[in-house]
>>> print(open('structure_26.tsv').read())   # TSV, N, CA and C atoms and all ligand atoms
chain	number	residue	atom	x	y	z
A	1	MET	N	138.50	62.30	19.67
A	1	MET	CA	139.77	62.44	18.97
A	1	MET	C	140.18	61.09	18.37
A	2	ALA	N	140.60	61.10	17.09
A	2	ALA	CA	141.05	59.85	16.46
A	2	ALA	C	142.36	59.41	17.11
A	3	VAL	N	142.40	58.14	17.50
A	3	VAL	CA	143.61	57.63	18.14
A	3	VAL	C	144.45	56.87	17.12
A	4	LEU	N	145.69	57.30	16.97
A	4	LEU	CA	146.61	56.71	15.99
A	4	LEU	C	147.06	55.33	16.46
A	5	LYS	N	146.90	54.32	15.57
A	5	LYS	CA	147.43	52.99	15.88
A	5	LYS	C	148.82	52.87	15.27
A	6	VAL	N	149.71	52.21	15.97
A	6	VAL	CA	151.07	52.05	15.47
A	6	VAL	C	151.38	50.56	15.35
A	7	SER	N	152.41	50.25	14.61
A	7	SER	CA	152.82	48.85	14.46
A	7	SER	C	154.25	48.71	14.98
A	8	LEU	N	154.35	48.35	16.24
A	8	LEU	CA	155.66	48.20	16.89
A	8	LEU	C	155.77	46.79	17.47
A	9	SER	N	156.99	46.31	17.61
A	9	SER	CA	157.19	45.01	18.25
A	9	SER	C	157.17	45.22	19.77
A	10	PRO	N	156.90	44.17	20.55
A	10	PRO	CA	156.95	44.31	22.01
A	10	PRO	C	158.28	44.90	22.48
A	11	GLN	N	159.37	44.49	21.82
A	11	GLN	CA	160.71	44.96	22.21
A	11	GLN	C	160.84	46.48	22.10
A	12	GLU	N	160.11	47.07	21.16
A	12	GLU	CA	160.22	48.52	20.96
A	12	GLU	C	159.55	49.31	22.08
A	13	TYR	N	158.74	48.66	22.90
A	13	TYR	CA	158.16	49.34	24.06
A	13	TYR	C	159.08	49.24	25.28
A	14	ARG	N	160.17	48.48	25.14
A	14	ARG	CA	161.13	48.33	26.24
A	14	ARG	C	162.12	49.48	26.22
A	15	GLY	N	162.49	49.97	27.40
A	15	GLY	CA	163.51	51.00	27.48
A	15	GLY	C	164.90	50.38	27.35
A	16	LYS	N	165.91	51.22	27.53
A	16	LYS	CA	167.28	50.72	27.37
A	16	LYS	C	167.92	50.38	28.72
A	17	LYS	N	167.22	50.68	29.81
A	17	LYS	CA	167.80	50.44	31.14
A	17	LYS	C	167.91	48.95	31.44
A	18	TRP	N	168.98	48.61	32.15
A	18	TRP	CA	169.15	47.24	32.60
A	18	TRP	C	168.10	46.95	33.68
A	19	VAL	N	167.42	45.81	33.56
A	19	VAL	CA	166.38	45.45	34.53
A	19	VAL	C	167.03	44.75	35.72
A	20	ASP	N	166.90	45.34	36.92
A	20	ASP	CA	167.65	44.83	38.07
A	20	ASP	C	166.81	43.99	39.03
A	21	TRP	N	165.72	43.41	38.52
A	21	TRP	CA	164.97	42.46	39.36
A	21	TRP	C	165.80	41.19	39.53
A	22	CYS	N	165.53	40.44	40.59
A	22	CYS	CA	166.27	39.20	40.85
A	22	CYS	C	165.95	38.17	39.77
A	23	PRO	N	166.92	37.31	39.45
A	23	PRO	CA	166.66	36.26	38.47
A	23	PRO	C	165.44	35.43	38.88
A	24	GLY	N	164.54	35.19	37.93
A	24	GLY	CA	163.35	34.39	38.19
A	24	GLY	C	162.17	35.17	38.74
A	25	CYS	N	162.34	36.47	38.95
A	25	CYS	CA	161.25	37.29	39.51
A	25	CYS	C	160.03	37.30	38.57
A	26	GLY	N	158.84	37.21	39.14
A	26	GLY	CA	157.60	37.21	38.36
A	26	GLY	C	157.37	38.50	37.61
A	27	ASN	N	158.05	39.57	38.03
A	27	ASN	CA	157.87	40.85	37.34
A	27	ASN	C	158.35	40.80	35.90
A	28	PHE	N	159.31	39.90	35.59
A	28	PHE	CA	159.76	39.78	34.20
A	28	PHE	C	158.58	39.36	33.31
A	29	GLY	N	157.74	38.46	33.82
A	29	GLY	CA	156.58	38.00	33.04
A	29	GLY	C	155.58	39.11	32.84
A	30	ILE	N	155.42	39.94	33.88
A	30	ILE	CA	154.48	41.06	33.78
A	30	ILE	C	154.99	42.09	32.76
A	31	LEU	N	156.30	42.35	32.80
A	31	LEU	CA	156.90	43.28	31.83
A	31	LEU	C	156.69	42.77	30.41
A	32	ALA	N	156.92	41.48	30.22
A	32	ALA	CA	156.75	40.88	28.88
A	32	ALA	C	155.28	40.94	28.44
A	33	ALA	N	154.36	40.65	29.38
A	33	ALA	CA	152.93	40.66	29.05
A	33	ALA	C	152.48	42.08	28.69
A	34	GLU	N	153.02	43.05	29.43
A	34	GLU	CA	152.62	44.44	29.20
A	34	GLU	C	153.08	44.92	27.81
A	35	THR	N	154.34	44.65	27.47
A	35	THR	CA	154.84	45.09	26.16
A	35	THR	C	154.12	44.34	25.04
A	36	GLN	N	153.79	43.08	25.27
A	36	GLN	CA	153.07	42.30	24.25
A	36	GLN	C	151.67	42.87	24.06
A	37	ALA	N	151.01	43.24	25.16
A	37	ALA	CA	149.66	43.82	25.06
A	37	ALA	C	149.70	45.16	24.32
A	38	PHE	N	150.69	46.00	24.65
A	38	PHE	CA	150.81	47.29	23.96
A	38	PHE	C	150.97	47.07	22.45
A	39	ALA	N	151.83	46.09	22.09
A	39	ALA	CA	152.09	45.83	20.66
A	39	ALA	C	150.83	45.29	19.98
A	40	GLU	N	150.14	44.34	20.63
A	40	GLU	CA	148.94	43.74	20.02
A	40	GLU	C	147.84	44.78	19.84
A	41	LEU	N	147.75	45.71	20.78
A	41	LEU	CA	146.71	46.75	20.69
A	41	LEU	C	147.14	47.91	19.79
A	42	GLY	N	148.41	47.89	19.34
A	42	GLY	CA	148.92	48.94	18.46
A	42	GLY	C	148.92	50.30	19.12
A	43	LEU	N	149.22	50.34	20.41
A	43	LEU	CA	149.17	51.61	21.14
A	43	LEU	C	150.39	52.48	20.83
A	44	ASP	N	150.12	53.74	20.63
A	44	ASP	CA	151.18	54.73	20.41
A	44	ASP	C	151.89	54.98	21.74
A	45	PRO	N	153.20	54.71	21.83
A	45	PRO	CA	153.91	54.88	23.12
A	45	PRO	C	153.76	56.28	23.70
A	46	ARG	N	153.57	57.27	22.82
A	46	ARG	CA	153.41	58.65	23.29
A	46	ARG	C	152.08	58.87	23.98
A	47	ARG	N	151.12	57.89	23.83
A	47	ARG	CA	149.80	58.03	24.43
A	47	ARG	C	149.63	57.09	25.63
A	48	ILE	N	150.70	56.40	26.01
A	48	ILE	CA	150.63	55.47	27.16
A	48	ILE	C	151.28	56.14	28.36
A	49	VAL	N	150.64	56.01	29.53
A	49	VAL	CA	151.26	56.48	30.78
A	49	VAL	C	151.22	55.32	31.78
A	50	VAL	N	152.38	54.90	32.23
A	50	VAL	CA	152.47	53.85	33.24
A	50	VAL	C	152.76	54.52	34.58
A	51	VAL	N	151.90	54.22	35.56
A	51	VAL	CA	151.99	54.87	36.87
A	51	VAL	C	152.30	53.79	37.92
A	52	SER	N	153.22	54.10	38.83
A	52	SER	CA	153.56	53.12	39.86
A	52	SER	C	153.80	53.81	41.19
A	53	GLY	N	153.93	52.99	42.24
A	53	GLY	CA	154.18	53.52	43.59
A	53	GLY	C	155.57	53.15	44.07
A	54	ILE	N	155.66	52.36	45.13
A	54	ILE	CA	156.94	51.99	45.72
A	54	ILE	C	157.06	50.47	45.80
A	55	GLY	N	158.22	49.96	45.47
A	55	GLY	CA	158.46	48.52	45.52
A	55	GLY	C	159.17	48.07	44.26
A	56	CYS	N	159.55	46.80	44.21
A	56	CYS	CA	160.26	46.28	43.03
A	56	CYS	C	159.38	46.39	41.79
A	57	SER	N	158.12	45.97	41.90
A	57	SER	CA	157.23	46.02	40.74
A	57	SER	C	157.01	47.45	40.27
A	58	SER	N	157.14	48.39	41.17
A	58	SER	CA	156.92	49.80	40.83
A	58	SER	C	158.09	50.41	40.05
A	59	ARG	N	159.13	49.61	39.79
A	59	ARG	CA	160.21	50.07	38.90
A	59	ARG	C	159.78	50.00	37.44
A	60	MET	N	158.61	49.42	37.19
A	60	MET	CA	158.16	49.16	35.81
A	60	MET	C	158.32	50.37	34.88
A	61	PRO	N	157.92	51.61	35.25
A	61	PRO	CA	158.06	52.72	34.31
A	61	PRO	C	159.51	52.95	33.87
A	62	ASP	N	160.48	52.57	34.73
A	62	ASP	CA	161.89	52.74	34.37
A	62	ASP	C	162.28	51.86	33.18
A	63	PHE	N	161.55	50.75	33.01
A	63	PHE	CA	161.96	49.75	32.02
A	63	PHE	C	161.14	49.81	30.74
A	64	LEU	N	160.26	50.80	30.64
A	64	LEU	CA	159.40	50.92	29.46
A	64	LEU	C	159.69	52.22	28.72
A	65	ASN	N	159.60	52.16	27.41
A	65	ASN	CA	159.86	53.31	26.57
A	65	ASN	C	158.53	54.05	26.30
A	66	VAL	N	157.82	54.36	27.38
A	66	VAL	CA	156.55	55.08	27.31
A	66	VAL	C	156.60	56.15	28.41
A	67	ASN	N	155.56	56.97	28.51
A	67	ASN	CA	155.53	57.94	29.62
A	67	ASN	C	155.35	57.19	30.93
A	68	GLY	N	155.96	57.71	31.99
A	68	GLY	CA	155.85	57.02	33.27
A	68	GLY	C	155.92	57.98	34.44
A	69	VAL	N	155.23	57.62	35.52
A	69	VAL	CA	155.31	58.40	36.75
A	69	VAL	C	155.53	57.42	37.90
A	70	HIS	N	156.64	57.61	38.61
A	70	HIS	CA	156.97	56.77	39.76
A	70	HIS	C	156.55	57.58	40.99
A	71	THR	N	155.39	57.26	41.56
A	71	THR	CA	154.76	58.15	42.53
A	71	THR	C	155.03	57.70	43.97
A	72	LEU	N	154.20	58.17	44.88
A	72	LEU	CA	154.37	57.89	46.31
A	72	LEU	C	153.84	56.50	46.67
A	73	HIS	N	154.29	56.02	47.83
A	73	HIS	CA	153.89	54.69	48.30
A	73	HIS	C	152.36	54.60	48.44
A	74	GLY	N	151.75	53.67	47.70
A	74	GLY	CA	150.31	53.41	47.80
A	74	GLY	C	149.43	54.40	47.06
A	75	ARG	N	150.03	55.34	46.34
A	75	ARG	CA	149.23	56.44	45.75
A	75	ARG	C	149.18	56.39	44.23
A	76	ALA	N	149.57	55.29	43.62
A	76	ALA	CA	149.58	55.23	42.15
A	76	ALA	C	148.17	55.37	41.57
A	77	ILE	N	147.18	54.79	42.22
A	77	ILE	CA	145.82	54.81	41.66
A	77	ILE	C	145.24	56.23	41.60
A	78	PRO	N	145.30	57.03	42.67
A	78	PRO	CA	144.79	58.40	42.52
A	78	PRO	C	145.56	59.23	41.49
A	79	TYR	N	146.88	59.00	41.38
A	79	TYR	CA	147.65	59.69	40.32
A	79	TYR	C	147.08	59.31	38.96
A	80	ALA	N	146.88	58.00	38.78
A	80	ALA	CA	146.41	57.51	37.48
A	80	ALA	C	145.02	58.05	37.16
A	81	MET	N	144.16	58.09	38.18
A	81	MET	CA	142.80	58.62	37.97
A	81	MET	C	142.86	60.09	37.56
A	82	GLY	N	143.76	60.84	38.17
A	82	GLY	CA	143.91	62.26	37.82
A	82	GLY	C	144.37	62.44	36.38
A	83	ILE	N	145.32	61.59	35.98
A	83	ILE	CA	145.83	61.67	34.59
A	83	ILE	C	144.71	61.34	33.61
A	84	LYS	N	143.95	60.29	33.93
A	84	LYS	CA	142.87	59.86	33.02
A	84	LYS	C	141.76	60.92	32.96
A	85	LEU	N	141.48	61.57	34.09
A	85	LEU	CA	140.47	62.64	34.11
A	85	LEU	C	140.94	63.83	33.27
A	86	ALA	N	142.25	64.13	33.34
A	86	ALA	CA	142.79	65.27	32.60
A	86	ALA	C	142.76	65.02	31.10
A	87	ASP	N	143.03	63.78	30.68
A	87	ASP	CA	143.02	63.44	29.26
A	87	ASP	C	142.53	62.00	29.09
A	88	PRO	N	141.20	61.81	28.93
A	88	PRO	CA	140.64	60.46	28.85
A	88	PRO	C	141.13	59.67	27.63
A	89	SER	N	141.76	60.32	26.65
A	89	SER	CA	142.23	59.58	25.47
A	89	SER	C	143.54	58.84	25.75
A	90	LEU	N	144.19	59.13	26.88
A	90	LEU	CA	145.44	58.43	27.21
A	90	LEU	C	145.15	57.01	27.70
A	91	GLU	N	146.09	56.11	27.43
A	91	GLU	CA	146.02	54.74	27.96
A	91	GLU	C	146.82	54.74	29.26
A	92	VAL	N	146.14	54.64	30.39
A	92	VAL	CA	146.80	54.75	31.68
A	92	VAL	C	146.84	53.38	32.35
A	93	VAL	N	148.03	52.96	32.73
A	93	VAL	CA	148.24	51.64	33.33
A	93	VAL	C	148.90	51.82	34.69
A	94	VAL	N	148.38	51.10	35.70
A	94	VAL	CA	149.00	51.13	37.03
A	94	VAL	C	149.73	49.82	37.27
A	95	ASN	N	150.97	49.92	37.74
A	95	ASN	CA	151.73	48.75	38.17
A	95	ASN	C	152.07	48.88	39.64
A	96	GLY	N	151.94	47.79	40.39
A	96	GLY	CA	152.31	47.86	41.80
A	96	GLY	C	152.20	46.50	42.45
A	97	GLY	N	152.81	46.39	43.61
A	97	GLY	CA	152.75	45.15	44.36
A	97	GLY	C	151.62	45.18	45.38
A	98	ASP	N	151.46	44.05	46.08
A	98	ASP	CA	150.38	43.96	47.07
A	98	ASP	C	150.67	44.85	48.29
A	99	GLY	N	151.95	44.97	48.67
A	99	GLY	CA	152.28	45.85	49.80
A	99	GLY	C	151.97	47.30	49.48
A	100	ASP	N	152.16	47.66	48.23
A	100	ASP	CA	151.97	49.04	47.80
A	100	ASP	C	150.48	49.35	47.55
A	101	LEU	N	149.87	48.58	46.64
A	101	LEU	CA	148.51	48.92	46.21
A	101	LEU	C	147.43	48.45	47.18
A	102	LEU	N	147.72	47.42	47.97
A	102	LEU	CA	146.72	46.94	48.93
A	102	LEU	C	147.12	47.28	50.37
A	103	GLY	N	148.35	46.92	50.77
A	103	GLY	CA	148.78	47.18	52.15
A	103	GLY	C	148.69	48.66	52.51
A	104	ILE	N	149.21	49.49	51.64
A	104	ILE	CA	149.21	50.93	51.89
A	104	ILE	C	148.04	51.61	51.18
A	105	GLY	N	147.76	51.19	49.93
A	105	GLY	CA	146.82	51.96	49.11
A	105	GLY	C	145.44	51.36	48.95
A	106	VAL	N	145.02	50.48	49.87
A	106	VAL	CA	143.74	49.78	49.64
A	106	VAL	C	142.55	50.74	49.59
A	107	GLY	N	142.64	51.84	50.36
A	107	GLY	CA	141.53	52.82	50.34
A	107	GLY	C	141.32	53.38	48.95
A	108	HIS	N	142.43	53.65	48.26
A	108	HIS	CA	142.34	54.18	46.89
A	108	HIS	C	141.81	53.12	45.94
A	109	PHE	N	142.19	51.87	46.19
A	109	PHE	CA	141.73	50.76	45.35
A	109	PHE	C	140.20	50.66	45.42
A	110	VAL	N	139.66	50.74	46.65
A	110	VAL	CA	138.21	50.66	46.85
A	110	VAL	C	137.53	51.87	46.20
A	111	SER	N	138.11	53.06	46.39
A	111	SER	CA	137.51	54.27	45.80
A	111	SER	C	137.49	54.18	44.28
A	112	ALA	N	138.57	53.64	43.70
A	112	ALA	CA	138.63	53.52	42.23
A	112	ALA	C	137.49	52.62	41.75
A	113	GLY	N	137.21	51.55	42.51
A	113	GLY	CA	136.10	50.68	42.15
A	113	GLY	C	134.77	51.40	42.24
A	114	ARG	N	134.60	52.16	43.30
A	114	ARG	CA	133.33	52.90	43.49
A	114	ARG	C	133.13	53.93	42.38
A	115	TYR	N	134.22	54.54	41.91
A	115	TYR	CA	134.13	55.52	40.82
A	115	TYR	C	134.07	54.83	39.44
A	116	ASN	N	134.24	53.52	39.45
A	116	ASN	CA	134.27	52.73	38.21
A	116	ASN	C	135.39	53.22	37.30
A	201	LIG	C1	157.07	56.13	51.98
A	201	LIG	C2	157.78	54.80	52.04
A	201	LIG	N1	157.47	53.92	53.01
A	201	LIG	C3	158.08	52.72	53.07
A	201	LIG	C4	159.03	52.40	52.14
A	201	LIG	C5	159.77	51.08	52.25
A	201	LIG	N2	159.36	50.16	51.22
A	201	LIG	C6	160.07	49.96	50.11
A	201	LIG	S1	159.37	48.78	49.11
A	201	LIG	C7	158.09	48.56	50.22
A	201	LIG	C8	157.01	47.56	50.01
A	201	LIG	C9	156.64	47.33	48.61
A	201	LIG	O1	155.90	46.16	48.59
A	201	LIG	P1	155.17	45.58	47.34
A	201	LIG	O2	154.10	46.48	46.89
A	201	LIG	O3	154.73	44.19	47.67
A	201	LIG	O4	156.30	45.63	46.24
A	201	LIG	P2	157.14	44.54	45.54
A	201	LIG	O5	158.56	44.89	45.88
A	201	LIG	O6	156.72	43.18	46.03
A	201	LIG	O7	156.85	44.71	44.09
A	201	LIG	C10	158.24	49.36	51.32
A	201	LIG	C11	157.32	49.36	52.50
A	201	LIG	C12	159.33	53.34	51.13
A	201	LIG	N3	160.24	53.10	50.19
A	201	LIG	N4	158.69	54.52	51.11
>>> encode(input="structure_26.tsv", output="structure tokens")
Amino acid sequence: MAVLKVSLSPQEYRGKKWVDWCPGCGNFGILAAETQAFAELGLDPRRIVVVSGIGCSSRMPDFLNVNGVHTLHGRAIPYAMGIKLADPSLEVVVNGGDGDLLGIGVGHFVSAGRYN
């Protein structure tokens, strides 16, 4: 399937919600990097799915103007794999912290590597 490229600014990938991370939090840099990457790659926001688990970093889908799923603690990776299997043309991104993706979800992290 031909994938439509769009020309949007990083700001246009941002949602309208107020970001409630603490001042100076590293997640602001990740949010900025993510929107910049989407803009540079010309990704259609309707074709992006951001998947997260539990924690401050997992609020990311709330702050982006793309599709998002805020899933269970440590389970963002299997959700994301399921979405990608259902429609491989989607751009699927997982956001999460170390407590979420490693502390709770490390088994899924290893499985994702084994499945490549
Ligand atoms: C099922 C469940 N268990 C435990 C919690 C409590 N809890 C909230 S955030 C969190 C840890 C998140 O850690 P991390 O992935 O490092 O996220 P960060 O806030 O650093 O981004 C936990 C255990 C929860 N909300 N839900």
>>> select_by_dssp(input="structure_26.tsv", residues="stretch 2-116 of chain A", states="strand (DSSP E or B)", output="count of residues only")
16
>>> select_by_dssp(input="structure_26.tsv", residues="stretch 14-110 of chain A", states="helix (DSSP H, G or I)", output="count of residues only")
48
>>> residues_around(input="structure_26.tsv", residues="stretch 18-24 of chain A", least_positions_apart="2", cutoff="7 Å", atoms="only C-alpha atoms", output="PDB file with N, CA and C atoms, keeping the file's coordinate frame")
ATOM      1  N   LYS A  16     165.910  51.220  27.530  1.00  0.00           N
ATOM      2  CA  LYS A  16     167.280  50.720  27.370  1.00  0.00           C
ATOM      3  C   LYS A  16     167.920  50.380  28.720  1.00  0.00           C
ATOM      4  N   GLY A  26     158.840  37.210  39.140  1.00  0.00           N
ATOM      5  CA  GLY A  26     157.600  37.210  38.360  1.00  0.00           C
ATOM      6  C   GLY A  26     157.370  38.500  37.610  1.00  0.00           C
ATOM      7  N   PHE A  63     161.550  50.750  33.010  1.00  0.00           N
ATOM      8  CA  PHE A  63     161.960  49.750  32.020  1.00  0.00           C
ATOM      9  C   PHE A  63     161.140  49.810  30.740  1.00  0.00           C
TER      10      PHE A  63
END
>>> residues_near_ligand(input="structure_26.tsv", ligand="ligand LIG 201 (chain A)", cutoff="7 Å", atoms="only C-alpha atoms and all ligand atoms", output="number ranges by chain")
A: 54-58, 72-73, 96-101
>>> residues_around(input="structure_26.tsv", residues="A:Val94", least_positions_apart="5", cutoff="8 Å", atoms="only C-alpha atoms", output="JSON, numbers by chain")
{"A": [50, 51, 52, 76, 77, 80]}
>>> write_last_selection(input="structure_26.tsv", atoms="N, CA and C atoms", output="CSV table (one decimal), in the coordinates of the input")
chain,number,residue,atom,x,y,z
A,50,VAL,N,152.4,54.9,32.2
A,50,VAL,CA,152.5,53.8,33.2
A,50,VAL,C,152.8,54.5,34.6
A,51,VAL,N,151.9,54.2,35.6
A,51,VAL,CA,152.0,54.9,36.9
A,51,VAL,C,152.3,53.8,37.9
A,52,SER,N,153.2,54.1,38.8
A,52,SER,CA,153.6,53.1,39.9
A,52,SER,C,153.8,53.8,41.2
A,76,ALA,N,149.6,55.3,43.6
A,76,ALA,CA,149.6,55.2,42.2
A,76,ALA,C,148.2,55.4,41.6
A,77,ILE,N,147.2,54.8,42.2
A,77,ILE,CA,145.8,54.8,41.7
A,77,ILE,C,145.2,56.2,41.6
A,80,ALA,N,146.9,58.0,38.8
A,80,ALA,CA,146.4,57.5,37.5
A,80,ALA,C,145.0,58.0,37.2
>>> atom_distance(input="structure_26.tsv", atom1="atom N of A:Arg46", atom2="atom N of A:Asn27")
23.8 Å
>>> closest_residue(input="structure_26.tsv", among="A:Gly107, A:His70, A:Leu43, A:Leu102", to="A:Leu4", atoms="only C-alpha atoms")
A:Leu43
>>> atom_distance(input="structure_26.tsv", atom1="atom CA of A:Leu64", atom2="atom CA of A:Tyr79")
18.2 Å
>>> atom_distance(input="structure_26.tsv", atom1="atom CA of A:Thr71", atom2="atom N of A:Ile30")
20.2 Å
>>> closest_residue(input="structure_26.tsv", among="A:Val106, A:Ala86, A:Gly29, A:Arg14", to="A:Asn67", atoms="only C-alpha atoms")
A:Arg14
>>> residues_around(input="structure_26.tsv", residues="A:Ser7", least_positions_apart="3", cutoff="9 Å", atoms="only C-alpha atoms", output="short mmCIF file (atom, residue, chain, number, x, y, z; two decimals) with N, CA and C atoms, in the frame of the given file")
data_model
loop_
_atom_site.label_atom_id
_atom_site.label_comp_id
_atom_site.auth_asym_id
_atom_site.auth_seq_id
_atom_site.Cartn_x
_atom_site.Cartn_y
_atom_site.Cartn_z
N ALA A 39 151.83 46.09 22.09
CA ALA A 39 152.09 45.83 20.66
C ALA A 39 150.83 45.29 19.98
N GLU A 40 150.14 44.34 20.63
CA GLU A 40 148.94 43.74 20.02
C GLU A 40 147.84 44.78 19.84
N LEU A 41 147.75 45.71 20.78
CA LEU A 41 146.71 46.75 20.69
C LEU A 41 147.14 47.91 19.79
N GLY A 42 148.41 47.89 19.34
CA GLY A 42 148.92 48.94 18.46
C GLY A 42 148.92 50.30 19.12
N LEU A 43 149.22 50.34 20.41
CA LEU A 43 149.17 51.61 21.14
C LEU A 43 150.39 52.48 20.83
N ASP A 44 150.12 53.74 20.63
CA ASP A 44 151.18 54.73 20.41
C ASP A 44 151.89 54.98 21.74
#
>>> closest_residue(input="structure_26.tsv", among="A:Asn116, A:Asn95, A:Ser111, A:Ser9", to="A:Gly53", atoms="all atoms listed in the file")
A:Asn95
